[in-house]
Amino acid sequence: MSLLRKYKDDILYYEIEGFNLDNNINHLFSTRIGWEQNNLYKQLSTIFNIPEDDIYRVRQVHGTEVMVIRDENNKSVSIEEKDGLITNKKGIALCTSHADCVPIFYYDKVNEVIGLAHAGWKGTLNNISNVIINSMIEQFNSSPENIIVAIGPSIGVCCYEIGYDVEALFREKYPKELDIIINKDNKIYLDLWKINKINLINLGVKETNIIYSDFCTSCNVNTLYSYRKEKGIKSRMIAAIMLNQ
């Protein structure tokens with residue numbers, strides 16, 4: 001699959017082709033074109049046509065804790081240290097921020113439940129999808145075979161160089177998955193997309209329901225930010241998903 005370029009006035013954002021087929025949801029991944037870092041959520045509210053107060057985000061800490069948003073939640077969720085959100089509430093947006101880490105979008109098309117995760121190497125290694133999927137099952141009676149997942153833009157195996165310490169952690173956790181790590185020109189590269197896909201399949205998500213954006217942040221700094229490529233840049237993109245009312 002690929003990314004679809006969309007514009008709201010002069011603001012460029014992406015939708016993931018194949019994940020945008022259902023009119024019940026909206027989703028996007030922002031870019032560096034037209035987005036203002038101090039107005040990201042205001043601009044998102046314009047694109048999704050919802051009040052800014054109806055955008056839910058958390059303090060990301062590279063963990064696997066997940067927040068379930070229900071009617072009784074208030075805006076204090078924004079100070080919670082989590083890396084994923086889930087809801088069945090319509091008309092609100094779940095939002096995470098990224099600059100190389102993997103955004104993972106989840107949609108239970110039968111029970112109308114959505115989720116969103118921020119998965120860096122730690123969240124991927126510790127399988128944040130396990131928490132998301134199992135929370136969808138326990139909280140909303142979802143079935144893994146009904147969940148569609150999109151793996152959004154992030155740093156690809158082409159660019160994600162790691163050290164021996166991180167390599168050892170993934171070799172130990174995934175001893176049979178030899179192709180998740182590539183050695184090239186005396187450097188070691190990690191495939192976060194493939195590992196997250198493995199995690200999802202092991203959780204019962206159908207392989208045909210897993211969609212790649214196949215778009216590397218480091219290779220595309222003309223439209224996206226890359227923390228690694230741009231040596232610690234503080235600007236971020238946002239991923240967002242919403243159940244339409």
# chains A, B, ... in the order shown; residues from 1 in each chain; ligands from 1
>>> select_by_dssp(residues="region 126-231 of chain A", states="helix (DSSP H, G or I)", output="PDB file with N, CA, C and O atoms, in the first residue's frame")
ATOM      1  N   ILE A 128       3.422  -3.468  22.469  1.00  0.00           N
ATOM      2  CA  ILE A 128       2.294  -2.625  22.845  1.00  0.00           C
ATOM      3  C   ILE A 128       1.004  -3.081  22.184  1.00  0.00           C
ATOM      4  O   ILE A 128      -0.088  -2.910  22.728  1.00  0.00           O
ATOM      5  N   SER A 129       1.105  -3.729  21.014  1.00  0.00           N
ATOM      6  CA  SER A 129      -0.109  -4.234  20.356  1.00  0.00           C
ATOM      7  C   SER A 129      -0.807  -5.286  21.201  1.00  0.00           C
ATOM      8  O   SER A 129      -2.034  -5.426  21.140  1.00  0.00           O
ATOM      9  N   ASN A 130      -0.043  -6.023  21.980  1.00  0.00           N
ATOM     10  CA  ASN A 130      -0.644  -7.013  22.868  1.00  0.00           C
ATOM     11  C   ASN A 130      -1.576  -6.336  23.866  1.00  0.00           C
ATOM     12  O   ASN A 130      -2.681  -6.830  24.148  1.00  0.00           O
ATOM     13  N   VAL A 131      -1.152  -5.197  24.389  1.00  0.00           N
ATOM     14  CA  VAL A 131      -1.980  -4.465  25.353  1.00  0.00           C
ATOM     15  C   VAL A 131      -3.205  -3.865  24.660  1.00  0.00           C
ATOM     16  O   VAL A 131      -4.326  -3.939  25.165  1.00  0.00           O
ATOM     17  N   ILE A 132      -2.991  -3.273  23.494  1.00  0.00           N
ATOM     18  CA  ILE A 132      -4.096  -2.666  22.750  1.00  0.00           C
ATOM     19  C   ILE A 132      -5.144  -3.718  22.382  1.00  0.00           C
ATOM     20  O   ILE A 132      -6.339  -3.563  22.669  1.00  0.00           O
ATOM     21  N   ILE A 133      -4.711  -4.786  21.715  1.00  0.00           N
ATOM     22  CA  ILE A 133      -5.652  -5.806  21.239  1.00  0.00           C
ATOM     23  C   ILE A 133      -6.385  -6.455  22.397  1.00  0.00           C
ATOM     24  O   ILE A 133      -7.617  -6.623  22.367  1.00  0.00           O
ATOM     25  N   ASN A 134      -5.666  -6.828  23.446  1.00  0.00           N
ATOM     26  CA  ASN A 134      -6.314  -7.484  24.581  1.00  0.00           C
ATOM     27  C   ASN A 134      -7.247  -6.538  25.337  1.00  0.00           C
ATOM     28  O   ASN A 134      -8.287  -6.967  25.863  1.00  0.00           O
ATOM     29  N   SER A 135      -6.913  -5.261  25.366  1.00  0.00           N
ATOM     30  CA  SER A 135      -7.819  -4.290  25.974  1.00  0.00           C
ATOM     31  C   SER A 135      -9.087  -4.132  25.138  1.00  0.00           C
ATOM     32  O   SER A 135     -10.190  -3.993  25.684  1.00  0.00           O
ATOM     33  N   MET A 136      -8.957  -4.165  23.823  1.00  0.00           N
ATOM     34  CA  MET A 136     -10.133  -4.101  22.948  1.00  0.00           C
ATOM     35  C   MET A 136     -11.020  -5.329  23.162  1.00  0.00           C
ATOM     36  O   MET A 136     -12.253  -5.222  23.158  1.00  0.00           O
ATOM     37  N   ILE A 137     -10.396  -6.483  23.359  1.00  0.00           N
ATOM     38  CA  ILE A 137     -11.150  -7.715  23.627  1.00  0.00           C
ATOM     39  C   ILE A 137     -11.865  -7.633  24.967  1.00  0.00           C
ATOM     40  O   ILE A 137     -13.071  -7.902  25.077  1.00  0.00           O
ATOM     41  N   GLU A 138     -11.125  -7.251  26.007  1.00  0.00           N
ATOM     42  CA  GLU A 138     -11.666  -7.257  27.370  1.00  0.00           C
ATOM     43  C   GLU A 138     -12.681  -6.130  27.607  1.00  0.00           C
ATOM     44  O   GLU A 138     -13.697  -6.336  28.283  1.00  0.00           O
ATOM     45  N   GLN A 139     -12.410  -4.963  27.046  1.00  0.00           N
ATOM     46  CA  GLN A 139     -13.254  -3.806  27.330  1.00  0.00           C
ATOM     47  C   GLN A 139     -14.450  -3.670  26.381  1.00  0.00           C
ATOM     48  O   GLN A 139     -15.506  -3.160  26.775  1.00  0.00           O
ATOM     49  N   PHE A 140     -14.282  -4.151  25.133  1.00  0.00           N
ATOM     50  CA  PHE A 140     -15.311  -3.909  24.129  1.00  0.00           C
ATOM     51  C   PHE A 140     -15.722  -5.162  23.350  1.00  0.00           C
ATOM     52  O   PHE A 140     -16.407  -5.051  22.333  1.00  0.00           O
ATOM     53  N   PRO A 144     -10.042 -10.417  17.411  1.00  0.00           N
ATOM     54  CA  PRO A 144      -8.867 -10.041  16.620  1.00  0.00           C
ATOM     55  C   PRO A 144      -9.078 -10.155  15.113  1.00  0.00           C
ATOM     56  O   PRO A 144      -8.562  -9.325  14.355  1.00  0.00           O
ATOM     57  N   GLU A 145      -9.855 -11.144  14.681  1.00  0.00           N
ATOM     58  CA  GLU A 145     -10.040 -11.329  13.240  1.00  0.00           C
ATOM     59  C   GLU A 145     -10.857 -10.199  12.609  1.00  0.00           C
ATOM     60  O   GLU A 145     -10.882 -10.056  11.377  1.00  0.00           O
ATOM     61  N   ASN A 146     -11.528  -9.389  13.438  1.00  0.00           N
ATOM     62  CA  ASN A 146     -12.302  -8.265  12.914  1.00  0.00           C
ATOM     63  C   ASN A 146     -11.545  -6.941  12.991  1.00  0.00           C
ATOM     64  O   ASN A 146     -12.084  -5.903  12.593  1.00  0.00           O
ATOM     65  N   TYR A 164      24.714  -3.033  19.236  1.00  0.00           N
ATOM     66  CA  TYR A 164      24.725  -4.452  19.604  1.00  0.00           C
ATOM     67  C   TYR A 164      23.797  -4.747  20.781  1.00  0.00           C
ATOM     68  O   TYR A 164      23.236  -5.841  20.880  1.00  0.00           O
ATOM     69  N   ASP A 165      23.646  -3.775  21.677  1.00  0.00           N
ATOM     70  CA  ASP A 165      22.799  -4.006  22.849  1.00  0.00           C
ATOM     71  C   ASP A 165      21.334  -4.189  22.463  1.00  0.00           C
ATOM     72  O   ASP A 165      20.652  -5.106  22.949  1.00  0.00           O
ATOM     73  N   VAL A 166      20.841  -3.329  21.563  1.00  0.00           N
ATOM     74  CA  VAL A 166      19.459  -3.456  21.101  1.00  0.00           C
ATOM     75  C   VAL A 166      19.302  -4.701  20.235  1.00  0.00           C
ATOM     76  O   VAL A 166      18.299  -5.426  20.337  1.00  0.00           O
ATOM     77  N   GLU A 167      20.299  -4.985  19.408  1.00  0.00           N
ATOM     78  CA  GLU A 167      20.247  -6.207  18.594  1.00  0.00           C
ATOM     79  C   GLU A 167      20.086  -7.434  19.490  1.00  0.00           C
ATOM     80  O   GLU A 167      19.258  -8.324  19.208  1.00  0.00           O
ATOM     81  N   ALA A 168      20.829  -7.491  20.572  1.00  0.00           N
ATOM     82  CA  ALA A 168      20.783  -8.654  21.461  1.00  0.00           C
ATOM     83  C   ALA A 168      19.391  -8.835  22.068  1.00  0.00           C
ATOM     84  O   ALA A 168      18.901  -9.964  22.205  1.00  0.00           O
ATOM     85  N   LEU A 169      18.732  -7.734  22.405  1.00  0.00           N
ATOM     86  CA  LEU A 169      17.393  -7.808  22.977  1.00  0.00           C
ATOM     87  C   LEU A 169      16.401  -8.414  21.980  1.00  0.00           C
ATOM     88  O   LEU A 169      15.565  -9.260  22.343  1.00  0.00           O
ATOM     89  N   PHE A 170      16.488  -7.990  20.728  1.00  0.00           N
ATOM     90  CA  PHE A 170      15.558  -8.504  19.722  1.00  0.00           C
ATOM     91  C   PHE A 170      15.912  -9.925  19.289  1.00  0.00           C
ATOM     92  O   PHE A 170      15.012 -10.719  19.001  1.00  0.00           O
ATOM     93  N   ARG A 171      17.176 -10.252  19.267  1.00  0.00           N
ATOM     94  CA  ARG A 171      17.574 -11.633  18.957  1.00  0.00           C
ATOM     95  C   ARG A 171      17.036 -12.592  20.021  1.00  0.00           C
ATOM     96  O   ARG A 171      16.588 -13.702  19.713  1.00  0.00           O
ATOM     97  N   GLU A 172      17.084 -12.142  21.273  1.00  0.00           N
ATOM     98  CA  GLU A 172      16.592 -12.992  22.358  1.00  0.00           C
ATOM     99  C   GLU A 172      15.072 -13.135  22.312  1.00  0.00           C
ATOM    100  O   GLU A 172      14.525 -14.221  22.522  1.00  0.00           O
ATOM    101  N   LYS A 173      14.374 -12.037  22.011  1.00  0.00           N
ATOM    102  CA  LYS A 173      12.908 -12.039  22.006  1.00  0.00           C
ATOM    103  C   LYS A 173      12.346 -12.738  20.771  1.00  0.00           C
ATOM    104  O   LYS A 173      11.291 -13.381  20.830  1.00  0.00           O
ATOM    105  N   LEU A 178      14.828 -14.282  11.789  1.00  0.00           N
ATOM    106  CA  LEU A 178      16.170 -13.834  11.428  1.00  0.00           C
ATOM    107  C   LEU A 178      16.170 -12.602  10.535  1.00  0.00           C
ATOM    108  O   LEU A 178      17.158 -11.863  10.488  1.00  0.00           O
ATOM    109  N   ASP A 179      15.053 -12.377   9.824  1.00  0.00           N
ATOM    110  CA  ASP A 179      15.050 -11.283   8.846  1.00  0.00           C
ATOM    111  C   ASP A 179      14.602  -9.947   9.435  1.00  0.00           C
ATOM    112  O   ASP A 179      14.452  -8.971   8.700  1.00  0.00           O
ATOM    113  N   ILE A 180      14.405  -9.864  10.739  1.00  0.00           N
ATOM    114  CA  ILE A 180      14.037  -8.571  11.333  1.00  0.00           C
ATOM    115  C   ILE A 180      15.258  -7.675  11.520  1.00  0.00           C
ATOM    116  O   ILE A 180      15.123  -6.479  11.741  1.00  0.00           O
ATOM    117  N   LEU A 192      11.340  -2.380  12.315  1.00  0.00           N
ATOM    118  CA  LEU A 192      10.240  -2.216  13.257  1.00  0.00           C
ATOM    119  C   LEU A 192       8.899  -2.593  12.640  1.00  0.00           C
ATOM    120  O   LEU A 192       8.004  -3.102  13.329  1.00  0.00           O
ATOM    121  N   TRP A 193       8.732  -2.321  11.356  1.00  0.00           N
ATOM    122  CA  TRP A 193       7.467  -2.651  10.696  1.00  0.00           C
ATOM    123  C   TRP A 193       7.211  -4.158  10.745  1.00  0.00           C
ATOM    124  O   TRP A 193       6.124  -4.604  11.079  1.00  0.00           O
ATOM    125  N   LYS A 194       8.220  -4.920  10.414  1.00  0.00           N
ATOM    126  CA  LYS A 194       8.055  -6.377  10.352  1.00  0.00           C
ATOM    127  C   LYS A 194       7.791  -6.965  11.735  1.00  0.00           C
ATOM    128  O   LYS A 194       6.969  -7.872  11.890  1.00  0.00           O
ATOM    129  N   ILE A 195       8.476  -6.441  12.751  1.00  0.00           N
ATOM    130  CA  ILE A 195       8.270  -6.973  14.102  1.00  0.00           C
ATOM    131  C   ILE A 195       6.855  -6.676  14.587  1.00  0.00           C
ATOM    132  O   ILE A 195       6.187  -7.536  15.171  1.00  0.00           O
ATOM    133  N   ASN A 196       6.381  -5.471  14.334  1.00  0.00           N
ATOM    134  CA  ASN A 196       5.012  -5.148  14.731  1.00  0.00           C
ATOM    135  C   ASN A 196       4.000  -6.006  13.985  1.00  0.00           C
ATOM    136  O   ASN A 196       2.985  -6.421  14.560  1.00  0.00           O
ATOM    137  N   LYS A 197       4.278  -6.318  12.736  1.00  0.00           N
ATOM    138  CA  LYS A 197       3.398  -7.212  11.986  1.00  0.00           C
ATOM    139  C   LYS A 197       3.402  -8.611  12.596  1.00  0.00           C
ATOM    140  O   LYS A 197       2.342  -9.240  12.752  1.00  0.00           O
ATOM    141  N   ILE A 198       4.573  -9.108  12.967  1.00  0.00           N
ATOM    142  CA  ILE A 198       4.680 -10.422  13.618  1.00  0.00           C
ATOM    143  C   ILE A 198       3.872 -10.432  14.910  1.00  0.00           C
ATOM    144  O   ILE A 198       3.116 -11.365  15.194  1.00  0.00           O
ATOM    145  N   ASN A 199       4.018  -9.381  15.696  1.00  0.00           N
ATOM    146  CA  ASN A 199       3.275  -9.284  16.950  1.00  0.00           C
ATOM    147  C   ASN A 199       1.770  -9.351  16.708  1.00  0.00           C
ATOM    148  O   ASN A 199       1.027 -10.026  17.437  1.00  0.00           O
ATOM    149  N   LEU A 200       1.299  -8.638  15.687  1.00  0.00           N
ATOM    150  CA  LEU A 200      -0.129  -8.593  15.384  1.00  0.00           C
ATOM    151  C   LEU A 200      -0.653  -9.960  14.932  1.00  0.00           C
ATOM    152  O   LEU A 200      -1.723 -10.402  15.376  1.00  0.00           O
ATOM    153  N   ILE A 201       0.087 -10.620  14.071  1.00  0.00           N
ATOM    154  CA  ILE A 201      -0.331 -11.939  13.593  1.00  0.00           C
ATOM    155  C   ILE A 201      -0.391 -12.929  14.755  1.00  0.00           C
ATOM    156  O   ILE A 201      -1.321 -13.738  14.863  1.00  0.00           O
ATOM    157  N   ASN A 202       0.598 -12.859  15.639  1.00  0.00           N
ATOM    158  CA  ASN A 202       0.608 -13.745  16.806  1.00  0.00           C
ATOM    159  C   ASN A 202      -0.563 -13.486  17.744  1.00  0.00           C
ATOM    160  O   ASN A 202      -0.940 -14.357  18.537  1.00  0.00           O
ATOM    161  N   GLU A 207      -3.391 -11.538   8.568  1.00  0.00           N
ATOM    162  CA  GLU A 207      -2.334 -10.866   7.809  1.00  0.00           C
ATOM    163  C   GLU A 207      -2.925  -9.951   6.738  1.00  0.00           C
ATOM    164  O   GLU A 207      -2.386  -8.876   6.453  1.00  0.00           O
ATOM    165  N   THR A 208      -4.041 -10.368   6.143  1.00  0.00           N
ATOM    166  CA  THR A 208      -4.687  -9.555   5.107  1.00  0.00           C
ATOM    167  C   THR A 208      -5.307  -8.281   5.678  1.00  0.00           C
ATOM    168  O   THR A 208      -5.674  -7.377   4.923  1.00  0.00           O
ATOM    169  N   ASN A 209      -5.428  -8.203   7.007  1.00  0.00           N
ATOM    170  CA  ASN A 209      -5.985  -7.013   7.647  1.00  0.00           C
ATOM    171  C   ASN A 209      -4.906  -6.075   8.188  1.00  0.00           C
ATOM    172  O   ASN A 209      -5.220  -5.128   8.907  1.00  0.00           O
ATOM    173  N   SER A 218      12.889   8.931   7.742  1.00  0.00           N
ATOM    174  CA  SER A 218      14.264   9.374   7.505  1.00  0.00           C
ATOM    175  C   SER A 218      14.541   9.613   6.023  1.00  0.00           C
ATOM    176  O   SER A 218      15.329  10.487   5.662  1.00  0.00           O
ATOM    177  N   CYS A 219      13.885   8.853   5.169  1.00  0.00           N
ATOM    178  CA  CYS A 219      14.072   8.998   3.717  1.00  0.00           C
ATOM    179  C   CYS A 219      13.252  10.141   3.130  1.00  0.00           C
ATOM    180  O   CYS A 219      13.447  10.501   1.971  1.00  0.00           O
ATOM    181  N   ASN A 220      12.323  10.687   3.927  1.00  0.00           N
ATOM    182  CA  ASN A 220      11.368  11.647   3.378  1.00  0.00           C
ATOM    183  C   ASN A 220      11.285  12.915   4.220  1.00  0.00           C
ATOM    184  O   ASN A 220      10.194  13.393   4.547  1.00  0.00           O
TER     185      ASN A 220
END
>>> select_by_dssp(residues="region 34-213 of chain A", states="strand (DSSP E or B)", output="PyMOL selection string")
chain A and resi 55-56+59+66-69+81+84-87+93-98+102-108+113-119+147-151+154+161-162+181-184+187-190+210-212
>>> residues_around(residues="Met237 (chain A)", least_positions_apart="3", cutoff="7 Å", atoms="only C-alpha atoms", output="list in words")
Phe29, Ser30, Thr31, Ser97, His98, Ala99 and Tyr225 of chain A
>>> write_last_selection(atoms="all heavy atoms", output="compact mmCIF listing (two decimals), in the first residue's frame")
# COMPACT_ATOMS: atom_id res chain seq x y z
N PHE A 29 -2.07 11.25 9.19
CA PHE A 29 -0.71 11.44 9.70
C PHE A 29 -0.24 12.77 9.16
O PHE A 29 -0.24 13.00 7.94
CB PHE A 29 0.20 10.29 9.24
CG PHE A 29 1.52 10.27 9.96
CD1 PHE A 29 1.62 9.78 11.25
CD2 PHE A 29 2.68 10.72 9.35
CE1 PHE A 29 2.83 9.75 11.93
CE2 PHE A 29 3.90 10.70 10.00
CZ PHE A 29 3.98 10.20 11.30
N SER A 30 0.13 13.67 10.06
CA SER A 30 0.49 15.02 9.62
C SER A 30 1.87 15.06 8.97
O SER A 30 2.61 14.08 9.00
CB SER A 30 0.42 15.99 10.81
OG SER A 30 1.51 15.80 11.69
N THR A 31 2.21 16.20 8.43
CA THR A 31 3.50 16.39 7.75
C THR A 31 4.15 17.67 8.28
O THR A 31 3.66 18.28 9.23
CB THR A 31 3.30 16.52 6.24
OG1 THR A 31 2.61 17.77 5.96
CG2 THR A 31 2.47 15.36 5.68
N SER A 97 2.02 11.51 19.00
CA SER A 97 3.02 12.30 18.28
C SER A 97 4.23 11.44 17.93
O SER A 97 4.58 10.52 18.68
CB SER A 97 3.43 13.53 19.10
OG SER A 97 4.02 13.14 20.32
N HIS A 98 4.88 11.80 16.82
CA HIS A 98 5.92 10.92 16.25
C HIS A 98 6.99 11.74 15.52
O HIS A 98 6.72 12.81 14.99
CB HIS A 98 5.29 9.95 15.24
CG HIS A 98 4.21 9.11 15.83
ND1 HIS A 98 4.42 7.83 16.27
CD2 HIS A 98 2.91 9.38 16.07
CE1 HIS A 98 3.28 7.34 16.75
NE2 HIS A 98 2.36 8.27 16.64
N ALA A 99 8.20 11.16 15.50
CA ALA A 99 9.26 11.72 14.66
C ALA A 99 10.23 10.63 14.22
O ALA A 99 11.36 10.93 13.90
CB ALA A 99 10.01 12.83 15.39
N TYR A 225 9.24 14.86 9.53
CA TYR A 225 10.36 15.07 10.46
C TYR A 225 10.96 13.71 10.82
O TYR A 225 10.27 12.70 10.90
CB TYR A 225 9.88 15.75 11.74
CG TYR A 225 9.31 17.13 11.53
CD1 TYR A 225 7.94 17.37 11.68
CD2 TYR A 225 10.13 18.20 11.19
CE1 TYR A 225 7.41 18.63 11.50
CE2 TYR A 225 9.60 19.47 11.00
CZ TYR A 225 8.24 19.67 11.15
OH TYR A 225 7.72 20.93 10.95
>>> closest_residue(among="A:Thr223, A:Ile188, A:Leu44, A:Asn127", to="Arg5 (chain A)", atoms="only C-alpha atoms")
A:Thr223
>>> closest_residue(among="A:Asp54, A:Asp191, A:Asp71, A:Glu177", to="Gly120 (chain A)", atoms="only C-alpha atoms")
A:Asp191
>>> closest_residue(among="A:Asn23, A:Ser154, A:Asn141, A:Asn126", to="Asn111 (chain A)", atoms="only C-alpha atoms")
A:Asn141
>>> closest_residue(among="A:Ile151, A:Ala119, A:Ile69, A:Cys101", to="Tyr227 (chain A)", atoms="only C-alpha atoms")
A:Cys101
>>> closest_residue(among="A:Ile162, A:Leu4, A:Ile33, A:Ile92", to="Gln245 (chain A)", atoms="only C-alpha atoms")
A:Ile92
>>> closest_residue(among="A:Ser143, A:Thr87, A:Ser45, A:Ser213", to="Val110 (chain A)", atoms="only C-alpha atoms")
A:Ser143
>>> residues_around(residues="Ile241 (chain A)", least_positions_apart="3", cutoff="6 Å", atoms="only C-alpha atoms", output="JSON, numbers by chain")
{"A": [26, 27, 93, 94]}
>>> write_last_selection(atoms="all heavy atoms", output="PDB file, in the first residue's frame")
ATOM      1  N   ASN A  26     -12.237   8.456  10.454  1.00  0.00           N
ATOM      2  CA  ASN A  26     -11.269   9.362   9.848  1.00  0.00           C
ATOM      3  C   ASN A  26      -9.912   9.061  10.468  1.00  0.00           C
ATOM      4  O   ASN A  26      -9.818   8.690  11.647  1.00  0.00           O
ATOM      5  CB  ASN A  26     -11.612  10.827  10.139  1.00  0.00           C
ATOM      6  CG  ASN A  26     -12.575  11.408   9.129  1.00  0.00           C
ATOM      7  OD1 ASN A  26     -12.746  10.873   8.043  1.00  0.00           O
ATOM      8  ND2 ASN A  26     -13.229  12.505   9.489  1.00  0.00           N
ATOM      9  N   HIS A  27      -8.872   9.208   9.708  1.00  0.00           N
ATOM     10  CA  HIS A  27      -7.528   9.072  10.256  1.00  0.00           C
ATOM     11  C   HIS A  27      -6.581   9.935   9.431  1.00  0.00           C
ATOM     12  O   HIS A  27      -6.881  10.288   8.285  1.00  0.00           O
ATOM     13  CB  HIS A  27      -7.060   7.603  10.247  1.00  0.00           C
ATOM     14  CG  HIS A  27      -6.585   7.132   8.913  1.00  0.00           C
ATOM     15  ND1 HIS A  27      -7.450   6.814   7.878  1.00  0.00           N
ATOM     16  CD2 HIS A  27      -5.332   6.939   8.417  1.00  0.00           C
ATOM     17  CE1 HIS A  27      -6.753   6.434   6.822  1.00  0.00           C
ATOM     18  NE2 HIS A  27      -5.470   6.511   7.109  1.00  0.00           N
ATOM     19  N   ALA A  93     -11.231  12.430  18.784  1.00  0.00           N
ATOM     20  CA  ALA A  93     -10.023  11.981  18.102  1.00  0.00           C
ATOM     21  C   ALA A  93      -8.992  11.498  19.107  1.00  0.00           C
ATOM     22  O   ALA A  93      -8.774  12.142  20.138  1.00  0.00           O
ATOM     23  CB  ALA A  93      -9.435  13.106  17.257  1.00  0.00           C
ATOM     24  N   LEU A  94      -8.400  10.362  18.820  1.00  0.00           N
ATOM     25  CA  LEU A  94      -7.240   9.879  19.564  1.00  0.00           C
ATOM     26  C   LEU A  94      -5.996  10.349  18.825  1.00  0.00           C
ATOM     27  O   LEU A  94      -5.939  10.309  17.596  1.00  0.00           O
ATOM     28  CB  LEU A  94      -7.255   8.354  19.652  1.00  0.00           C
ATOM     29  CG  LEU A  94      -8.546   7.704  20.146  1.00  0.00           C
ATOM     30  CD1 LEU A  94      -8.387   6.186  20.193  1.00  0.00           C
ATOM     31  CD2 LEU A  94      -8.955   8.250  21.500  1.00  0.00           C
TER      32      LEU A  94
END
